[in-house]
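Visitor: This is the structure I want to talk about, given as structure tokens.
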There are 2 protein chains.
Amino acid sequence: MELQDIKSPKDIKGLNFQELEHIASQMREAVLNRTSQIGGHVGPNLGAVETIIGMHYVFDAPIDKLVYDVSHQAFPHKMLTGRVDGYLYRQDFSKVGEYTSPVESPEYDIFWAGHTSPALSLCVGLAKARDLKKDNYNVVALVGDGALSGGEAFEGLDAGGALNSNLICIINDNQMAIAEDHGGIYKHLEHLRETNGTASDNLFKAFNWEYLYVAEGNNVQKVIEALQKVKNSKKPTVIHINTQKGEGYTPAEEYREAFHYRDPYDIATGDLLVVNEGPNSTTVLKNFINRSVKKYPTFLAISSATPDSFGLNAKEREMLGEHYIDVGIAEQTGVAVMAGAGRGGAKVVYSVVGTFLQRAYDQLIEDWAMDPSPALMVVAETGIAANKDQTHLGFWDIPMITSIPDIIYLAPANLEEFDSMLEWGLSQDKYKVAVRQPVYTTEHADYEVDKDYSDLNKFKVLKEGKDVAIIGVGDFLIKARKVVDILATKGINATLINPRFISGVDTELLGNLNKQHKIVVTIEDGSIEGGFGQRVASTLGTSGLKVLNFGVEKKFVDRYKLSELEQANHLLPEQIVDMILSNL
Amino acid sequence: MELQDIKSPKDIKGLNFQELEHIASQMREAVLNRTSQIGGHVGPNLGAVETIIGMHYVFDAPIDKLVYDVSHQAFPHKMLTGRVDGYLYRQDFSKVGEYTSPVESPEYDIFWAGHTSPALSLCVGLAKARDLKKDNYNVVALVGDGALSGGEAFEGLDAGGALNSNLICIINDNQMAIAEDHGGIYKHLEHLRETNGTASDNLFKAFNWEYLYVAEGNNVQKVIEALQKVKNSKKPTVIHINTQKGEGYTPAEEYREAFHYRDPYDIATGDLLVVNEGPNSTTVLKNFINRSVKKYPTFLAISSATPDSFGLNAKEREMLGEHYIDVGIAEQTGVAVMAGAGRGGAKVVYSVVGTFLQRAYDQLIEDWAMDPSPALMVVAETGIAANKDQTHLGFWDIPMITSIPDIIYLAPANLEEFDSMLEWGLSQDKYKVAVRQPVYTTEHADYEVDKDYSDLNKFKVLKEGKDVAIIGVGDFLIKARKVVDILATKGINATLINPRFISGVDTELLGNLNKQHKIVVTIEDGSIEGGFGQRVASTLGTSGLKVLNFGVEKKFVDRYKLSELEQANHLLPEQIVDMILSNL
């Protein structure tokens with residue numbers, strides 16, 4: 001049996017261990033084949049090959065339900081469930097997504113599950129439904145050690161521990177999150193590995209689960225024998241499997257953080273095919289961190305397991321010493337530590353990926369916004385040019401953050417403004433400041449950037465015109481400029497405004513627009529609903545001015561082409577101009 | 001020393017154990033004195049008296065930082081920090097809030113902390129700031145056993161366990177959340193209590209904390225001796241204190257759930273002074289649950305530790321048997337279990353308090369909205385008439401939920417519509433449906449309520465008029481009606497619209513309004529920013545119609561009077577009419 005011939009999990013049921021190892025080896029080649037050409041998760045998938053072969057060998061999907069937490073390690077699962085072409089043939093790559101997807105495979109992919117830590121809680125729900133329907137299948141979650149630090153995973157362990165029914169949790173312990181693990185439990189997992197699972201104070205038993213340890217998690221025979229022991233168990237059971245991230249590919253074994261997710265690379269050397277050397281917002285942030293740690297004795301940089309957002313490699317993080325803390329995959333705690341350290345008088349900056357910050361909406365309100373805890377939060381990977389997987393869209397941060405009182409959300413339009421907002425946000429001791437890191441553009445400023453943003457909600461007019469006022473939010477100022485330029489060719493001298501503030505509107509400036517203008521246009525890099533533009537529309541509701549809001553429709557989209565998304569949402573400058581002209 | 005003479009924690013430092021017991025006894029009387037007259041948290045405060053006396057006796061606030069998780073047990077703390085009058089004298093009750101507040105006491109109340117589970121993570125931040133400043137004080141968190149099931153608490157244990165520094169966590173184990181505890185760890189806590197803290201698989205040690213057990217947590221001497229042992233410790237340390245919820249007041253010891261929070265009552269008997277017998281939305285929900293469990297074999301009702309939202313007492317919950325699950329204080333998991341059970345084919349209803357649902361924003365998006373997981377969620381205690389503490393405001397659920405694609409958010413205007421939306425939401429198998437439980441009104445419908453809501457975003461015109469169209473959202477339809485009535489007295493025949501849907505707008509209906517109307521008015525029971533009205537304003541941005549949005553300003557307010565809040569936000573019908581007239 002060759003990998004390319006596998007159409008469904010049934011095809012591996014009759015194979016012996018040697019044949020399964022052959023399949024495992026071909027799977028590794030397929031992972032490298034795809035990721036080296038179009039990028040993707042390398043290390044997580046290489047490490048989980050034997051575990052996932054074991055799952056499909058022992059359990060009977062789709063009757064048994066296999067749920068992948070975060071699912072960036074689900075390539076082997078997809079290869080065994082009719083989607084192997086997506087890893088073998090370039091022309092088929094785009095047919096298969098990075099994460100599990102009930103749209104791609106309603107039978108085998110139970111949930112999208114692109115964020116870490118939900119699998120156990122989702123499985124408690126599946127198990128309850130199964131029991132109510134008097135069905136009899138296994139419910140199995142595959143959870144990485146990194147995902148264990150997320151609050152929902154602990155909640156799921158707790159809720160699962162109270163179930164008196166079949167629920168199997170496979171912990172894929174590759175000793176890494178995206179970067180190294182952080183948190184008290186990781187010393188404990190180390191003790192468990194060192195003692196072949198016999199260390200005292202067993203975390204999983206404390207949550208009322210049965211526990212089994214598998215030392216050789218990249219040995220398909222050992223994995224299968226262990227899974228066979230727990231199949232059809234009637235109690236919540238953890239199988240803790242020790243695996244190696246990047247197993248079988250030397251560069252990925254050696255540089256585990258760099259090969260967690262890798263842009264296209266040369267398989268022979270592991271080197272990236274394209275290296276971006278130019279200045280971008282990450283280099284601005286990194287330089288800001290390195291300046292600030294020298295400037296402020298109480299400086300503290302916080303990460304929740306995404307240190308790459310700071311642009312800092314392992315060595316650079318080590319150099320920050322006590323001025324750097326990684327709380328693990330735990331954004332709730334990231335926000336709370338930011339708030340607590342700010343309250344305690346430290347100079348704090350927390351860098352967090354926008355889509356993951358969704359996990360800390362309550363903490364933004366309750367732990368930060370209402371407390372006297374000045375701090376600076378940098379929101380990374382926002383807008384339409386960031387991650388294009390449905391599970392990681394950067395569309396919702398503006399509605400989320402700007403619905404909260406007392407958080408100043410700033411949108412820099414270029415690298416200098418980003419730098420300036422970071423400097424101000426950290427230097428001041430009064431406000432809770434969030435800055436939206438620009439992704440769509442790496443433009444430089446062609447106007448003098450302000451150093452002080454304490455005059456809240458003050459919009460900046462970059463060009464005074466009449467009839468039409470264009471407000472370009474943050475990294476979409478570049479679009480607003482293009483609209484103004486095109487309008488100029490049609491004899492319309494439009495006003496250009498950089499609002500800088502997304503969390504409030506400049507009511508005075510807006511109130512004065514109707515003297516010389518007929519239409520106000522907002523263009524923002526995110527969801528229209530609940531966003532900046534709708535605030536402007538509401539503010540101008542009785543002004544007599546027309547308002548046109550541009551942004552992204554409230555809708556899930558997956559692996560889109562940027563230009564197609566822009567077109568579908570009327571975000572191309574020509575489209576915006578057409579809409580303006582038809583309303584003039 | 002008498003309680004009334006205590007001005008600061010210093011005043012108890014010299015007392016002996018007998019004198020401290022006298023203070024403890026007076027504190028209990030003071031808790032009853034206040035709560036019996038104006039309502040409040042009874043059981044949590046009675047149980048924590050000795051623990052908090054011990055904290056202030058052993059530690060030196062405000063140098064040492066005492067952080068109260070959820071802080072509904074902080075009355076004894078307030079009595080010892082200059083605010084005892086707020087418990088002794090009726091005229092001073094309103095000067096002291098239910099929760100800790102840095103506005104009320106910037107010195108002694110470090111955070112607001114009205115939601116459960118943040119204290120440990122906040123304390124990690126405080127401890128980091130202390131260490132960076134080379135300060136030397138103790139950082140102490142008081143956390144209830146119920147709060148331990150919340151994801152942020154586990155994250156905080158995990159992050160704290162990685163700190164090599166002073167951090168003290170007092171677990172106040174009164175064996176209860178609001179109702180009974182749920183989750184795997186509670187069996188473990190029981191083992192620890194039964195073995196005087198020596199049971200194997202110690203949860204806290206697994207998180208890398210030192211551990212100490214105190215069996216007699218309502219004995220002030222024992223508590224003090226234990227706290228003295230850990231003061232100035234240089235490692236993260238848990239002190240697990242066994243207390244009794246409601247200690248010292250028989251009705252509260254006996255009816256622990258009913259006395260968690262109690263409306264005004266007779267101290268002698270514990271009986272409520274006023275019993276609301278009339279129909280309200282909770283009785284509608286309760287009847288719906290009791291009907292549904294008979295109708296659907298796979299029916300599942302989910303609670304995250306607020307079973308009172310269903311209106312079900314302990315006995316009624318028990319009668320639901322396998323059709324009821326409480327996941328503990330764990331909204332992330334509440335949403336995921338709802339999604340998982342919906343995906344598994346069960347008929348699911350999850351009742352959740354709006355302010356606590358904030359903790360599951362990410363799960364609403366990632367675990368529910370994008371998956372094929374039909375289910376019904378009931379959002380309780382929303383709007384301006386619900387909880388008036390700053391930490392528990394019902395203002396943000398509309399911006400939060402309606403920013404998410406593919407969740408249908410319905411706003412019933414009266415009890416019959418609520419019932420009908422519940423019925424439809426559970427019967428259908430296609431949509432993710434959330435229903436906003438009405439609080440502001442207990443009106444009955446005076447029109448025929450629809451049974452089917454699958455014609456999405458279809459607004460209902462209740463009265464056709466011209467010039468002015470009033471859209472009253474959900475339980476604010478009652479305000480819209482009053483506005484229409486007042487306008488009629490001024491010769492204006494306004495249109496009245498019940499939108500029913502908050503998560504989308506009826507573009508066709510809105511598009512046709514400009515034929516006969518000049519102004520469209522929206523009135524909603526929540527924050528304007530990111531809300532329903534701003535969507536309407538945006539939709540009508542180029543229509544030529546004026547739009548007026550009414551709702552609550554994006555602002556934290558604490559313990560407000562309803563009428564004053566309404567006036568300040570121009571929500572009184574007369575104020576709305578004035579604004580309309582001045583724009584006609």
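Simple scheme: letters A, B, ... for chains in structure tokens order, numbers from 1 for residues in each chain, numbers from 1 for ligands in the order shown.
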Quick one: residues within 9 Å of Glu423 of chain B, only C-alpha atoms, excluding same-chain residues fewer than 4 positions away - as a PDB file with all heavy atoms, in the first residue's frame?
Guide:
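To be explicit, this is the file written out as around35.pdb:
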ATOM      1  N   PHE B 288     -40.793  26.610  29.488  1.00  0.00           N
ATOM      2  CA  PHE B 288     -40.282  26.126  28.202  1.00  0.00           C
ATOM      3  C   PHE B 288     -39.358  24.923  28.408  1.00  0.00           C
ATOM      4  O   PHE B 288     -39.439  23.931  27.674  1.00  0.00           O
ATOM      5  CB  PHE B 288     -39.544  27.281  27.503  1.00  0.00           C
ATOM      6  CG  PHE B 288     -38.680  26.861  26.352  1.00  0.00           C
ATOM      7  CD1 PHE B 288     -39.235  26.454  25.145  1.00  0.00           C
ATOM      8  CD2 PHE B 288     -37.290  26.888  26.472  1.00  0.00           C
ATOM      9  CE1 PHE B 288     -38.420  26.075  24.083  1.00  0.00           C
ATOM     10  CE2 PHE B 288     -36.482  26.510  25.419  1.00  0.00           C
ATOM     11  CZ  PHE B 288     -37.037  26.104  24.228  1.00  0.00           C
ATOM     12  N   SER B 292     -39.974  21.217  27.030  1.00  0.00           N
ATOM     13  CA  SER B 292     -39.054  20.705  26.012  1.00  0.00           C
ATOM     14  C   SER B 292     -38.468  19.356  26.385  1.00  0.00           C
ATOM     15  O   SER B 292     -38.202  18.515  25.523  1.00  0.00           O
ATOM     16  CB  SER B 292     -37.919  21.717  25.770  1.00  0.00           C
ATOM     17  OG  SER B 292     -38.455  22.946  25.335  1.00  0.00           O
ATOM     18  N   PHE B 418     -41.062  36.133  23.491  1.00  0.00           N
ATOM     19  CA  PHE B 418     -39.936  35.396  24.077  1.00  0.00           C
ATOM     20  C   PHE B 418     -40.199  33.891  23.974  1.00  0.00           C
ATOM     21  O   PHE B 418     -39.367  33.124  23.470  1.00  0.00           O
ATOM     22  CB  PHE B 418     -39.754  35.832  25.541  1.00  0.00           C
ATOM     23  CG  PHE B 418     -38.617  35.177  26.269  1.00  0.00           C
ATOM     24  CD1 PHE B 418     -37.348  35.051  25.701  1.00  0.00           C
ATOM     25  CD2 PHE B 418     -38.803  34.700  27.575  1.00  0.00           C
ATOM     26  CE1 PHE B 418     -36.299  34.459  26.399  1.00  0.00           C
ATOM     27  CE2 PHE B 418     -37.760  34.108  28.275  1.00  0.00           C
ATOM     28  CZ  PHE B 418     -36.509  33.981  27.681  1.00  0.00           C
ATOM     29  N   ASP B 419     -41.342  33.496  24.415  1.00  0.00           N
ATOM     30  CA  ASP B 419     -41.722  32.081  24.374  1.00  0.00           C
ATOM     31  C   ASP B 419     -41.658  31.533  22.951  1.00  0.00           C
ATOM     32  O   ASP B 419     -41.109  30.460  22.692  1.00  0.00           O
ATOM     33  CB  ASP B 419     -43.151  31.948  24.932  1.00  0.00           C
ATOM     34  CG  ASP B 419     -43.447  30.526  25.376  1.00  0.00           C
ATOM     35  OD1 ASP B 419     -42.506  29.835  25.814  1.00  0.00           O
ATOM     36  OD2 ASP B 419     -44.609  30.107  25.275  1.00  0.00           O
ATOM     37  N   SER B 427     -36.604  24.240  17.987  1.00  0.00           N
ATOM     38  CA  SER B 427     -37.207  23.285  17.044  1.00  0.00           C
ATOM     39  C   SER B 427     -36.406  23.186  15.751  1.00  0.00           C
ATOM     40  O   SER B 427     -36.350  22.130  15.131  1.00  0.00           O
ATOM     41  CB  SER B 427     -38.648  23.693  16.726  1.00  0.00           C
ATOM     42  OG  SER B 427     -38.646  24.899  15.985  1.00  0.00           O
ATOM     43  N   GLN B 428     -35.770  24.274  15.334  1.00  0.00           N
ATOM     44  CA  GLN B 428     -35.101  24.278  14.033  1.00  0.00           C
ATOM     45  C   GLN B 428     -33.702  23.639  14.136  1.00  0.00           C
ATOM     46  O   GLN B 428     -33.132  23.576  15.211  1.00  0.00           O
ATOM     47  CB  GLN B 428     -35.045  25.709  13.482  1.00  0.00           C
ATOM     48  CG  GLN B 428     -34.322  26.714  14.357  1.00  0.00           C
ATOM     49  CD  GLN B 428     -32.828  26.650  14.229  1.00  0.00           C
ATOM     50  OE1 GLN B 428     -32.291  26.441  13.159  1.00  0.00           O
ATOM     51  NE2 GLN B 428     -32.132  26.825  15.358  1.00  0.00           N
ATOM     52  N   LYS B 451     -44.531  32.597  14.790  1.00  0.00           N
ATOM     53  CA  LYS B 451     -44.004  31.329  15.292  1.00  0.00           C
ATOM     54  C   LYS B 451     -42.709  30.931  14.588  1.00  0.00           C
ATOM     55  O   LYS B 451     -41.959  30.097  15.068  1.00  0.00           O
ATOM     56  CB  LYS B 451     -45.050  30.214  15.098  1.00  0.00           C
ATOM     57  CG  LYS B 451     -46.335  30.443  15.880  1.00  0.00           C
ATOM     58  CD  LYS B 451     -47.018  29.140  16.213  1.00  0.00           C
ATOM     59  CE  LYS B 451     -48.268  29.374  17.056  1.00  0.00           C
ATOM     60  NZ  LYS B 451     -48.080  30.337  18.158  1.00  0.00           N
TER      61      LYS B 451
END
Visitor: List every residue of segment 229-464 of chain B that DSSP, applied to the backbone of this structure, assigns to strand (DSSP E or B), and report them as a VMD selection string.
Guide: chain B and resid 236 to 242 261 to 262 265 272 299 to 303 324 to 326 347 to 353 375 to 380 383 394 407 to 410 432 to 436 460 to 463
Visitor: Give me, as a PDB file with N, CA and C atoms, in the first residue's frame, all polymer residues having an atom no more than 6 Å from Val353 of chain A, counting only C-alpha atoms and skipping those fewer than 2 positions away in the same chain.
Guide:
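Written output follows (result-v2.pdb):
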ATOM      1  N   THR A 355      -6.726  37.854  16.463  1.00  0.00           N
ATOM      2  CA  THR A 355      -7.708  36.761  16.469  1.00  0.00           C
ATOM      3  C   THR A 355      -7.662  35.991  17.797  1.00  0.00           C
ATOM      4  N   PHE A 356      -6.489  35.941  18.429  1.00  0.00           N
ATOM      5  CA  PHE A 356      -6.398  35.251  19.713  1.00  0.00           C
ATOM      6  C   PHE A 356      -6.874  36.138  20.873  1.00  0.00           C
ATOM      7  N   VAL A 379      -1.835  45.162  18.937  1.00  0.00           N
ATOM      8  CA  VAL A 379      -2.689  44.134  18.345  1.00  0.00           C
ATOM      9  C   VAL A 379      -2.128  43.767  16.970  1.00  0.00           C
ATOM     10  N   ALA A 380      -1.647  42.541  16.869  1.00  0.00           N
ATOM     11  CA  ALA A 380      -0.932  42.103  15.671  1.00  0.00           C
ATOM     12  C   ALA A 380      -1.845  41.340  14.716  1.00  0.00           C
ATOM     13  N   GLU A 381      -1.422  41.256  13.470  1.00  0.00           N
ATOM     14  CA  GLU A 381      -2.083  40.436  12.442  1.00  0.00           C
ATOM     15  C   GLU A 381      -3.569  40.745  12.293  1.00  0.00           C
TER      16      GLU A 381
END
Visitor: Under the rule of at most 8 Å, produce a per-residue listing of segment 217-330 of chain A near segment 181-197 of chain A: chain, number, name, the closest pair of atoms, and the distance in Å, as JSON lines, using only C-alpha atoms.
Guide:
{"residue": "A:Asn242", "atom": "CA", "partner": "A:Arg193", "partner_atom": "CA", "distance": 7.2}
{"residue": "A:Ala305", "atom": "CA", "partner": "A:Asp181", "partner_atom": "CA", "distance": 7.7}
{"residue": "A:Asp326", "atom": "CA", "partner": "A:His182", "partner_atom": "CA", "distance": 6.3}
{"residue": "A:Val327", "atom": "CA", "partner": "A:His182", "partner_atom": "CA", "distance": 6.0}
{"residue": "A:Gly328", "atom": "CA", "partner": "A:His182", "partner_atom": "CA", "distance": 4.9}
Visitor: Name the residues of segment 260-348 of chain A that fall into helix (DSSP H, G or I) according to DSSP on the backbone, using the chain letters and numbers of this document, as a ChimeraX atom specification.
Guide: /A:281-295,307-310,314-323,331-343
Visitor: Between A:Cys169, A:Met176, A:Val521, A:Leu285, which residue has the minimum interatomic distance to chain B, considering only C-alpha atoms?
Guide: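 Answer, going by the shortest atom-to-atom distance: A:Val521.
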Visitor: Show me, as a ChimeraX atom specification, the residues that have an atom within 9 Å of segment 361-375 of chain A when counting only C-alpha atoms, minus same-chain residues fewer than 6 positions from it.
Guide: /A:331-333,335-336,338-350,400-401,404-407,425-426,428-434 /B:101-103,110-115,118,122,355-362,390-391,556
Visitor: List the neighbours of segment 162-165 of chain A out to 7 Å using only C-alpha atoms; skip same-chain residues closer than 2 positions along the sequence, and give me the result as a ChimeraX atom specification.
Guide: /A:158-160,167,234-236 /B:183-184
Visitor: Nearest residue to Ser309 of chain A out of A:Val468, A:Ile63, A:Ala252, A:Ile178, using only C-alpha atoms?
Guide: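 Closest residue, counting only C-alpha atoms: A:Ile178.
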Visitor: With distances taken over only C-alpha atoms, which of A:Asn313, A:Asn414, A:Thr489, A:Asn45 is nearest to Lys286 of chain A?
Guide: A:Asn313
Visitor: Show me, as a list of chain:residue names, the residues that have an atom within 8 Å of segment 71-81 of chain B when counting only C-alpha atoms, minus same-chain residues fewer than 6 positions from it.
Guide: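 Final neighbour list, sorted by chain and number: B:Leu3, B:Ile6, B:Lys7, B:Ser8, B:Pro9, B:Met27, B:Val31, B:His41, B:Pro44, B:Asn45, B:Ala48, B:Val49, B:Ile52, B:Ile53, B:His56, B:Tyr87, B:Glu98, B:Tyr99, B:Thr100, B:Tyr108, B:Trp112, B:Ala113, B:Gly114.
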Visitor: Restrict the selected residues to N, CA and C atoms and save them as a compact mmCIF listing (two decimals), in the first residue's frame.
Guide:
# COMPACT_ATOMS: atom_id res chain seq x y z
N LEU B 3 -16.33 46.76 66.58
CA LEU B 3 -16.23 46.86 65.12
C LEU B 3 -16.39 48.30 64.63
N ILE B 6 -13.30 50.57 64.29
CA ILE B 6 -12.14 50.22 63.46
C ILE B 6 -12.05 51.16 62.26
N LYS B 7 -10.91 51.82 62.18
CA LYS B 7 -10.72 52.78 61.08
C LYS B 7 -9.77 52.24 60.02
N SER B 8 -8.87 51.37 60.43
CA SER B 8 -7.91 50.81 59.47
C SER B 8 -7.42 49.47 60.01
N PRO B 9 -6.76 48.68 59.18
CA PRO B 9 -6.31 47.35 59.62
C PRO B 9 -5.41 47.41 60.85
N MET B 27 -18.97 41.41 62.91
CA MET B 27 -18.97 41.50 61.44
C MET B 27 -20.15 40.73 60.86
N VAL B 31 -23.01 42.14 58.40
CA VAL B 31 -23.37 41.59 57.08
C VAL B 31 -24.89 41.41 57.01
N HIS B 41 -24.78 39.93 48.95
CA HIS B 41 -24.18 38.61 49.13
C HIS B 41 -24.09 38.29 50.61
N PRO B 44 -21.29 34.10 51.09
CA PRO B 44 -19.86 34.22 50.83
C PRO B 44 -19.16 35.08 51.89
N ASN B 45 -19.82 36.13 52.31
CA ASN B 45 -19.21 37.03 53.30
C ASN B 45 -19.17 36.40 54.69
N ALA B 48 -16.29 33.94 54.95
CA ALA B 48 -14.91 34.42 54.79
C ALA B 48 -14.44 35.32 55.92
N VAL B 49 -15.28 35.52 56.95
CA VAL B 49 -14.95 36.49 58.01
C VAL B 49 -13.58 36.21 58.63
N ILE B 52 -10.53 36.68 56.26
CA ILE B 52 -10.17 38.06 55.95
C ILE B 52 -9.61 38.78 57.18
N ILE B 53 -10.15 38.48 58.36
CA ILE B 53 -9.52 39.01 59.58
C ILE B 53 -8.06 38.54 59.64
N HIS B 56 -5.80 40.48 57.24
CA HIS B 56 -5.43 41.83 57.67
C HIS B 56 -4.60 41.82 58.95
N TYR B 87 -22.00 49.23 56.58
CA TYR B 87 -22.67 48.00 57.00
C TYR B 87 -23.47 48.18 58.26
N GLU B 98 -20.95 46.75 46.32
CA GLU B 98 -20.99 45.30 46.56
C GLU B 98 -19.61 44.66 46.36
N TYR B 99 -18.81 45.23 45.47
CA TYR B 99 -17.52 44.64 45.11
C TYR B 99 -16.38 45.59 45.48
N THR B 100 -15.16 45.08 45.47
CA THR B 100 -14.02 45.98 45.66
C THR B 100 -13.99 46.99 44.52
N TYR B 108 -6.80 50.44 49.29
CA TYR B 108 -6.99 49.06 49.73
C TYR B 108 -7.64 48.15 48.69
N TRP B 112 -11.26 46.10 40.53
CA TRP B 112 -12.71 45.94 40.65
C TRP B 112 -13.06 44.47 40.87
N ALA B 113 -12.59 43.62 39.95
CA ALA B 113 -12.69 42.17 40.13
C ALA B 113 -14.08 41.69 40.55
N GLY B 114 -15.08 42.01 39.75
CA GLY B 114 -16.44 41.56 40.05
C GLY B 114 -16.80 40.25 39.36
Visitor: In Å, with one decimal, what is the gap from atom CA of Gly526 of chain A to atom CA of Tyr440 of chain A?
Guide: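 Atom CA of Gly526 of chain A sits 11.2 Å away from atom CA of Tyr440 of chain A.
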Visitor: Could you list, as a list in words, every residue within 12 Å of Lys95 of chain B, counting only C-alpha atoms and ignoring same-chain residues fewer than 5 positions away?
Guide: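 My list of contacting residues is Lys78, Gly82, Arg83, Val84, Asp85, Gly86, Tyr87, Leu88, Tyr89, Arg90, Ser101, Val103, Glu104, Ser105, Asp558 and Arg559 of chain B.
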Visitor: Given the selection you just returned, output its residues as a file containing N, CA, C and O atoms, formatted as an mmCIF file, in the first residue's frame.
Guide:
data_model
loop_
_atom_site.group_PDB
_atom_site.id
_atom_site.type_symbol
_atom_site.label_atom_id
_atom_site.label_comp_id
_atom_site.auth_asym_id
_atom_site.auth_seq_id
_atom_site.Cartn_x
_atom_site.Cartn_y
_atom_site.Cartn_z
ATOM 1 N N LYS B 78 -13.826 45.372 53.637
ATOM 2 C CA LYS B 78 -14.244 46.777 53.627
ATOM 3 C C LYS B 78 -14.456 47.290 55.051
ATOM 4 O O LYS B 78 -14.156 48.441 55.370
ATOM 5 N N GLY B 82 -11.855 51.083 56.851
ATOM 6 C CA GLY B 82 -12.451 52.423 56.917
ATOM 7 C C GLY B 82 -13.850 52.548 56.381
ATOM 8 O O GLY B 82 -14.362 53.661 56.235
ATOM 9 N N ARG B 83 -14.487 51.430 56.058
ATOM 10 C CA ARG B 83 -15.814 51.533 55.448
ATOM 11 C C ARG B 83 -16.899 50.799 56.238
ATOM 12 O O ARG B 83 -17.928 50.401 55.695
ATOM 13 N N VAL B 84 -16.661 50.650 57.543
ATOM 14 C CA VAL B 84 -17.593 49.852 58.343
ATOM 15 C C VAL B 84 -18.988 50.491 58.428
ATOM 16 O O VAL B 84 -19.995 49.788 58.541
ATOM 17 N N ASP B 85 -19.043 51.826 58.315
ATOM 18 C CA ASP B 85 -20.344 52.498 58.404
ATOM 19 C C ASP B 85 -21.308 52.016 57.317
ATOM 20 O O ASP B 85 -22.525 52.030 57.516
ATOM 21 N N GLY B 86 -20.749 51.591 56.203
ATOM 22 C CA GLY B 86 -21.576 51.101 55.095
ATOM 23 C C GLY B 86 -22.287 49.801 55.411
ATOM 24 O O GLY B 86 -23.077 49.307 54.605
ATOM 25 N N TYR B 87 -22.000 49.233 56.576
ATOM 26 C CA TYR B 87 -22.666 47.997 56.998
ATOM 27 C C TYR B 87 -23.470 48.182 58.265
ATOM 28 O O TYR B 87 -24.293 47.354 58.614
ATOM 29 N N LEU B 88 -23.224 49.326 58.937
ATOM 30 C CA LEU B 88 -23.881 49.557 60.226
ATOM 31 C C LEU B 88 -25.074 50.500 60.121
ATOM 32 O O LEU B 88 -26.061 50.324 60.836
ATOM 33 N N TYR B 89 -24.972 51.505 59.257
ATOM 34 C CA TYR B 89 -25.962 52.577 59.273
ATOM 35 C C TYR B 89 -26.637 52.718 57.903
ATOM 36 O O TYR B 89 -25.979 52.947 56.891
ATOM 37 N N ARG B 90 -27.913 52.611 57.917
ATOM 38 C CA ARG B 90 -28.701 52.647 56.682
ATOM 39 C C ARG B 90 -28.308 53.810 55.765
ATOM 40 O O ARG B 90 -28.195 53.647 54.559
ATOM 41 N N SER B 101 -13.490 48.177 44.813
ATOM 42 C CA SER B 101 -13.496 49.250 43.827
ATOM 43 C C SER B 101 -12.335 50.208 44.082
ATOM 44 O O SER B 101 -12.276 50.849 45.126
ATOM 45 N N VAL B 103 -12.056 52.992 42.943
ATOM 46 C CA VAL B 103 -12.604 54.349 43.085
ATOM 47 C C VAL B 103 -12.999 54.565 44.547
ATOM 48 O O VAL B 103 -12.709 55.600 45.142
ATOM 49 N N GLU B 104 -13.635 53.570 45.130
ATOM 50 C CA GLU B 104 -14.076 53.660 46.523
ATOM 51 C C GLU B 104 -12.872 53.703 47.467
ATOM 52 O O GLU B 104 -12.874 54.447 48.455
ATOM 53 N N SER B 105 -11.883 52.899 47.208
ATOM 54 C CA SER B 105 -10.691 52.859 48.063
ATOM 55 C C SER B 105 -9.441 52.585 47.224
ATOM 56 O O SER B 105 -9.032 51.441 47.061
ATOM 57 N N ASP B 558 -21.640 52.928 37.754
ATOM 58 C CA ASP B 558 -21.705 51.999 38.880
ATOM 59 C C ASP B 558 -22.891 52.323 39.773
ATOM 60 O O ASP B 558 -23.091 53.471 40.145
ATOM 61 N N ARG B 559 -23.650 51.311 40.132
ATOM 62 C CA ARG B 559 -24.757 51.406 41.064
ATOM 63 C C ARG B 559 -25.626 52.645 40.776
ATOM 64 O O ARG B 559 -25.862 53.493 41.632
#
Visitor: Tell me which of B:Ala537, B:Val439, B:Met421, B:Ala30 sits closest to chain A, counting only C-alpha atoms.
Guide: B:Ala537
